[in-house]
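To start, the structure under review is shown below, and the notes come after it.
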Amino acid sequence: MSTATAHPSHAAPAARSSTMTGTRPLLRASLKHDGRLLLPWVVIATALSASSVIFYPIVFPDQQSRATLSAAISANPALGLIFGPAYDLSTADGFNAWRSLALGGFLAALGAIFAVTRATRAQEDSGQAELLASGVLGRGSRLLTGVAMSIIGSLLLGVVAGVVTALCGGDWNASMLLGATFTATGWMFGAVAAITAQIGSDSRTSNSMAVAVLGTLFLLCGFCYSIEAPSWTIWINPLGWMHETRPAAGNNWAPLLLAVVLTIALVAVAFALQARRDFGQGTIAPKPGPARGTTLGTWRLALRINKGPFFTWVIAFIALGFVFGYFTTSISDILGSDPTVQQILASGATTPAELAGAFATTILSMVGIIAAISGVQVMLKVRAEEMEDRVEPLMAGSVARARYYGSNVLVALISPTIFILIAGTLIALLASGADLGVSFSDVFLQAVVTVPAMWTVVAVSVAVVGARPKVSIAAWLGVLASFVLTILGPTFGLDDWVLGISPFWHVPNASAANPDWSGLGWISLFTLGFLLVGFAGFRRRDLAR
């Protein structure tokens, strides 16, 4: 009786095939159940791009208004930190490329990151992965499914955004190239998330690491463009490749090839890391807890749950403080190199000190909006703990609902306050050392008066999680509205009542001769109202509903 022996050349393909077994049905099921979670990113990015080409000729109908727009953007380099370089603002497509390329790519990247983590580490944390693994499913199938979800979602986002923008009046070549940058950015950071899913100790840590990489590269890209850094600083940053495609100002498709190569390389690294880690554990293993519980009280529990993200945000805001502070010190050189700004200064319409004060106000508003994200995350963590059945055992004891919810709300309000003050102190120190005409007290006071606006944004999430947790995505409405109206609103010349929807619009310029403090009182009333709604809703509703 002879024994059949497999040829060595067939062993490797068979092994690879077994590790990917079940990928196709798993992908179909994932698209069916989680595909709808990709749609909001598609809709928002498409609306961002299409609205630019629709409203541009309405808001800026002639060359004079377009020249005024260009001057306004040149006079506020803080916008370059977010949107990157403005190559051509004289056309709708050029304006759309400036307004949408960076933000649309950022949205695509976030959607891809969350899709990958949700299909990989989140399933391991919830126990779904173990249930799936009990069937006919290869070890690498879930990771491949997550990567495929991000690729499909990013591709859909780019195609829809490009086609809709072109149908709304944009140039087909420029619009499709812009959509392609969204897709490429999503692919790259979906691959980054595939790596962090193997490194982080849980899904929350994995998401935080991937988003931190995205935020760091995003900030560095805008910073390098704003200070006109050497070109090599742009080309070592993957997000810089997207700007160098220059939609409507060159239409260079070649840099997208770099994104494809990087995506393939990062995915290969992710599979290599996955093959070397234990199921349910990351490369960075969590430390074991104490043998005996030491956390007494809801306040300490809230602090313990959010301790890791808190220190991560502290490091991030120290970095933000130094970057924004250095950027503030170079404002004179940046404005001095712009001939349009020089004409404005020569006409006596404003002074360098006033421009520096307005710049500091914009920078600190951005800091406040970013800080509000951390507060919203704390409130969404309350909902996550509730859905994982960790809150109900606490309520079964002597812990009152208001006490538990109040402890988390305090963390959500106090922690971003600390972050704003950290960044504000560093910005004030650096700005006061430069010859800008602003003092440490002026900039630091501006940081302090930004805090109430941030509280209002966080209070929106308190109301949503407390009263209507089923639509927890609405917790981000405050952040989204504040960003759009504070950063984008003025460029469209929106009416004051529209801009006033953002609480940051009511923050006065503390260095002005006669600042109007009444706005802070009004937004504080709204903050109190949102908090009351949140506490009343949490006290009356069923848990995990």
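Each chain in the structure tokens gets a letter, A, B, ..., in the order shown, and its residues are numbered from 1; ligands are numbered from 1 in order too.
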
Which neighbours of segment 505-515 of chain A fall inside 7 Å, counting only C-alpha atoms, when residues of the same chain fewer than 5 positions from it are skipped, and could you give them as an mmCIF file with N, CA, C and O atoms, in the first residue's frame?
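Written output follows (around-v7.cif):
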data_model
loop_
_atom_site.group_PDB
_atom_site.id
_atom_site.type_symbol
_atom_site.label_atom_id
_atom_site.label_comp_id
_atom_site.auth_asym_id
_atom_site.auth_seq_id
_atom_site.Cartn_x
_atom_site.Cartn_y
_atom_site.Cartn_z
ATOM 1 N N GLY A 357 -3.656 88.632 16.934
ATOM 2 C CA GLY A 357 -4.715 88.305 17.884
ATOM 3 C C GLY A 357 -5.806 87.455 17.256
ATOM 4 O O GLY A 357 -6.289 86.500 17.868
ATOM 5 N N THR A 361 -6.879 83.603 18.196
ATOM 6 C CA THR A 361 -8.270 83.223 18.470
ATOM 7 C C THR A 361 -8.684 82.018 17.636
ATOM 8 O O THR A 361 -9.315 81.078 18.132
ATOM 9 N N ASP A 442 -2.585 87.726 27.455
ATOM 10 C CA ASP A 442 -3.591 87.844 26.392
ATOM 11 C C ASP A 442 -3.937 86.474 25.809
ATOM 12 O O ASP A 442 -5.112 86.119 25.662
ATOM 13 N N LEU A 445 -5.494 84.052 28.510
ATOM 14 C CA LEU A 445 -6.882 84.408 28.780
ATOM 15 C C LEU A 445 -7.786 83.978 27.634
ATOM 16 O O LEU A 445 -8.923 83.537 27.860
ATOM 17 N N GLN A 446 -7.274 84.059 26.400
ATOM 18 C CA GLN A 446 -8.058 83.602 25.258
ATOM 19 C C GLN A 446 -8.326 82.103 25.352
ATOM 20 O O GLN A 446 -9.402 81.629 24.997
ATOM 21 N N VAL A 449 -11.166 81.617 28.006
ATOM 22 C CA VAL A 449 -12.528 81.958 27.569
ATOM 23 C C VAL A 449 -13.027 81.015 26.478
ATOM 24 O O VAL A 449 -14.211 81.041 26.126
ATOM 25 N N THR A 450 -12.140 80.174 25.939
ATOM 26 C CA THR A 450 -12.566 79.159 24.966
ATOM 27 C C THR A 450 -13.224 77.968 25.647
ATOM 28 O O THR A 450 -14.015 77.247 25.030
ATOM 29 N N THR A 486 -17.273 77.283 12.412
ATOM 30 C CA THR A 486 -16.172 78.105 12.907
ATOM 31 C C THR A 486 -15.056 78.224 11.888
ATOM 32 O O THR A 486 -14.497 79.313 11.682
ATOM 33 N N LEU A 499 -23.677 81.529 11.769
ATOM 34 C CA LEU A 499 -22.397 81.306 12.446
ATOM 35 C C LEU A 499 -22.590 81.189 13.955
ATOM 36 O O LEU A 499 -21.839 80.492 14.638
ATOM 37 N N GLY A 500 -23.633 81.861 14.470
ATOM 38 C CA GLY A 500 -23.877 81.836 15.905
ATOM 39 C C GLY A 500 -24.342 80.503 16.432
ATOM 40 O O GLY A 500 -24.385 80.297 17.649
ATOM 41 N N LEU A 520 -20.632 84.457 26.228
ATOM 42 C CA LEU A 520 -20.287 83.335 27.101
ATOM 43 C C LEU A 520 -21.437 82.996 28.039
ATOM 44 O O LEU A 520 -21.662 81.828 28.382
#

Using only C-alpha atoms, which of A:Ser141, A:Val411, A:Met395, A:Ser472 sits nearest Pro25 of chain A?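 Looking at the shortest contact to Pro25 of chain A, the residue is A:Ser141.
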
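Going from atom CA of Gly80 of chain A over to atom CA of Leu488 of chain A, you cover 12.1 Å.
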
Just list as a ChimeraX atom specification whatever in segment 397-540 of chain A DSSP marks as helix (DSSP H, G or I). /A:401-432,440-467,469-492,496-499,503-506,518-540

Can those selected residues be exported to a file as an mmCIF file, in the first residue's frame so that it contains C-alpha atoms?
data_model
loop_
_atom_site.group_PDB
_atom_site.id
_atom_site.type_symbol
_atom_site.label_atom_id
_atom_site.label_comp_id
_atom_site.auth_asym_id
_atom_site.auth_seq_id
_atom_site.Cartn_x
_atom_site.Cartn_y
_atom_site.Cartn_z
ATOM 1 C CA ARG A 401 -27.921 56.842 38.572
ATOM 2 C CA ALA A 402 -27.291 60.563 38.919
ATOM 3 C CA ARG A 403 -24.111 59.895 40.873
ATOM 4 C CA TYR A 404 -22.755 57.462 38.299
ATOM 5 C CA TYR A 405 -23.665 59.650 35.323
ATOM 6 C CA GLY A 406 -22.454 62.795 37.067
ATOM 7 C CA SER A 407 -19.007 61.292 37.707
ATOM 8 C CA ASN A 408 -18.561 60.554 34.021
ATOM 9 C CA VAL A 409 -19.893 63.968 33.012
ATOM 10 C CA LEU A 410 -17.353 65.643 35.288
ATOM 11 C CA VAL A 411 -14.543 63.678 33.636
ATOM 12 C CA ALA A 412 -15.930 64.617 30.217
ATOM 13 C CA LEU A 413 -15.891 68.324 31.128
ATOM 14 C CA ILE A 414 -12.747 68.573 33.248
ATOM 15 C CA SER A 415 -10.332 66.525 31.121
ATOM 16 C CA PRO A 416 -10.719 68.626 27.922
ATOM 17 C CA THR A 417 -10.446 71.751 30.073
ATOM 18 C CA ILE A 418 -7.041 70.534 31.225
ATOM 19 C CA PHE A 419 -6.052 69.829 27.615
ATOM 20 C CA ILE A 420 -6.999 73.346 26.477
ATOM 21 C CA LEU A 421 -5.056 74.925 29.325
ATOM 22 C CA ILE A 422 -1.986 72.780 28.582
ATOM 23 C CA ALA A 423 -1.949 73.753 24.909
ATOM 24 C CA GLY A 424 -2.913 77.355 25.710
ATOM 25 C CA THR A 425 -0.052 77.727 28.174
ATOM 26 C CA LEU A 426 2.515 76.477 25.668
ATOM 27 C CA ILE A 427 1.108 78.657 22.865
ATOM 28 C CA ALA A 428 1.114 81.684 25.183
ATOM 29 C CA LEU A 429 4.707 81.055 26.274
ATOM 30 C CA LEU A 430 5.981 80.808 22.721
ATOM 31 C CA ALA A 431 3.844 83.660 21.363
ATOM 32 C CA SER A 432 4.844 86.053 24.142
ATOM 33 C CA PHE A 440 1.319 85.774 27.698
ATOM 34 C CA SER A 441 -1.755 86.927 29.624
ATOM 35 C CA ASP A 442 -3.591 87.844 26.392
ATOM 36 C CA VAL A 443 -3.144 84.407 24.818
ATOM 37 C CA PHE A 444 -3.693 82.451 28.030
ATOM 38 C CA LEU A 445 -6.882 84.408 28.780
ATOM 39 C CA GLN A 446 -8.058 83.602 25.258
ATOM 40 C CA ALA A 447 -7.535 79.914 26.044
ATOM 41 C CA VAL A 448 -9.549 80.267 29.264
ATOM 42 C CA VAL A 449 -12.528 81.958 27.569
ATOM 43 C CA THR A 450 -12.566 79.159 24.966
ATOM 44 C CA VAL A 451 -13.420 76.591 27.661
ATOM 45 C CA PRO A 452 -17.163 77.452 28.019
ATOM 46 C CA ALA A 453 -17.662 76.929 24.272
ATOM 47 C CA MET A 454 -16.039 73.512 24.549
ATOM 48 C CA TRP A 455 -18.337 72.668 27.466
ATOM 49 C CA THR A 456 -21.384 73.400 25.295
ATOM 50 C CA VAL A 457 -20.164 70.983 22.614
ATOM 51 C CA VAL A 458 -19.540 68.234 25.176
ATOM 52 C CA ALA A 459 -22.923 68.921 26.798
ATOM 53 C CA VAL A 460 -24.605 67.997 23.508
ATOM 54 C CA SER A 461 -23.143 64.497 23.853
ATOM 55 C CA VAL A 462 -24.292 64.382 27.504
ATOM 56 C CA ALA A 463 -27.853 65.065 26.342
ATOM 57 C CA VAL A 464 -27.690 62.483 23.540
ATOM 58 C CA VAL A 465 -26.215 59.649 25.634
ATOM 59 C CA GLY A 466 -28.532 60.401 28.533
ATOM 60 C CA ALA A 467 -31.811 60.887 26.666
ATOM 61 C CA PRO A 469 -28.569 56.770 23.278
ATOM 62 C CA LYS A 470 -29.897 54.815 20.292
ATOM 63 C CA VAL A 471 -28.751 57.685 18.080
ATOM 64 C CA SER A 472 -25.396 58.012 19.815
ATOM 65 C CA ILE A 473 -23.801 59.120 16.550
ATOM 66 C CA ALA A 474 -25.662 62.416 17.150
ATOM 67 C CA ALA A 475 -23.222 63.012 20.013
ATOM 68 C CA TRP A 476 -20.795 64.201 17.348
ATOM 69 C CA LEU A 477 -23.175 66.873 16.033
ATOM 70 C CA GLY A 478 -21.720 69.539 18.314
ATOM 71 C CA VAL A 479 -18.175 68.856 17.146
ATOM 72 C CA LEU A 480 -19.188 68.708 13.492
ATOM 73 C CA ALA A 481 -21.301 71.882 13.589
ATOM 74 C CA SER A 482 -18.619 73.797 15.492
ATOM 75 C CA PHE A 483 -15.921 72.801 13.044
ATOM 76 C CA VAL A 484 -17.941 73.534 9.915
ATOM 77 C CA LEU A 485 -19.288 76.887 11.098
ATOM 78 C CA THR A 486 -16.172 78.105 12.907
ATOM 79 C CA ILE A 487 -13.578 77.130 10.324
ATOM 80 C CA LEU A 488 -15.551 76.974 7.052
ATOM 81 C CA GLY A 489 -18.449 79.341 7.718
ATOM 82 C CA PRO A 490 -16.591 82.659 7.378
ATOM 83 C CA THR A 491 -15.158 81.693 3.963
ATOM 84 C CA PHE A 492 -18.720 81.386 2.631
ATOM 85 C CA ASP A 496 -24.158 85.955 11.783
ATOM 86 C CA TRP A 497 -27.219 84.029 12.961
ATOM 87 C CA VAL A 498 -25.944 80.933 11.123
ATOM 88 C CA LEU A 499 -22.397 81.306 12.446
ATOM 89 C CA PRO A 503 -20.622 78.149 20.457
ATOM 90 C CA PHE A 504 -17.096 79.151 19.450
ATOM 91 C CA TRP A 505 -18.514 82.081 17.468
ATOM 92 C CA HIS A 506 -19.547 83.617 20.807
ATOM 93 C CA SER A 518 -22.346 88.348 26.984
ATOM 94 C CA GLY A 519 -21.920 85.519 24.469
ATOM 95 C CA LEU A 520 -20.287 83.335 27.101
ATOM 96 C CA GLY A 521 -23.323 83.769 29.318
ATOM 97 C CA TRP A 522 -25.711 82.664 26.574
ATOM 98 C CA ILE A 523 -23.759 79.540 25.661
ATOM 99 C CA SER A 524 -23.459 78.681 29.370
ATOM 100 C CA LEU A 525 -27.263 78.657 29.561
ATOM 101 C CA PHE A 526 -27.383 76.230 26.637
ATOM 102 C CA THR A 527 -24.755 74.078 28.357
ATOM 103 C CA LEU A 528 -26.883 73.926 31.489
ATOM 104 C CA GLY A 529 -29.965 73.017 29.434
ATOM 105 C CA PHE A 530 -28.184 70.159 27.640
ATOM 106 C CA LEU A 531 -26.880 68.821 30.961
ATOM 107 C CA LEU A 532 -30.347 68.865 32.510
ATOM 108 C CA VAL A 533 -31.766 66.982 29.520
ATOM 109 C CA GLY A 534 -29.014 64.368 29.787
ATOM 110 C CA PHE A 535 -29.434 63.768 33.515
ATOM 111 C CA ALA A 536 -33.238 63.628 33.290
ATOM 112 C CA GLY A 537 -33.101 61.180 30.399
ATOM 113 C CA PHE A 538 -30.547 58.879 32.055
ATOM 114 C CA ARG A 539 -32.562 58.787 35.276
ATOM 115 C CA ARG A 540 -35.809 57.770 33.517
#

Shell of 10 Å around segment 166-182 of chain A, only C-alpha atoms, local chain residues under 4 positions omitted, as a PyMOL selection string: chain A and resi 45-46+49-54+91-94+96-97+100-109+154-162+186-187+239+241-243+245-253+255-256+259

Compare A:Gly146, A:Pro61, A:Pro85, A:Pro40 by their minimum atom-to-atom distance to Leu27 of chain A, counting only C-alpha atoms, and give me the closest one.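 Of A:Gly146, A:Pro61, A:Pro85, A:Pro40, the one nearest Leu27 of chain A, counting only C-alpha atoms, is A:Gly146.
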
A:Gln274, A:Thr298, A:Ser70, A:Gln63 ranked by distance to Trp98 of chain A, top pick (using only C-alpha atoms):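 The shortest atom-to-atom distance to Trp98 of chain A comes from A:Ser70.
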
What's the separation between atom CA of Val42 of chain A and atom CA of Asn237 of chain A, in Å to one decimal place? 24.4 Å

What lies within 9 Å of Phe317 of chain A using only C-alpha atoms, ignoring chain neighbours under 2 positions off, as a ChimeraX atom specification? /A:312-315,319-322,367,371,419-420,422-423

Could you please determine the separation between atom CA of Thr362 of chain A and atom CA of Leu110 of chain A in Å, to one decimal place?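 Computing the Euclidean distance for atom CA of Thr362 of chain A and atom CA of Leu110 of chain A yields 24.2 Å.
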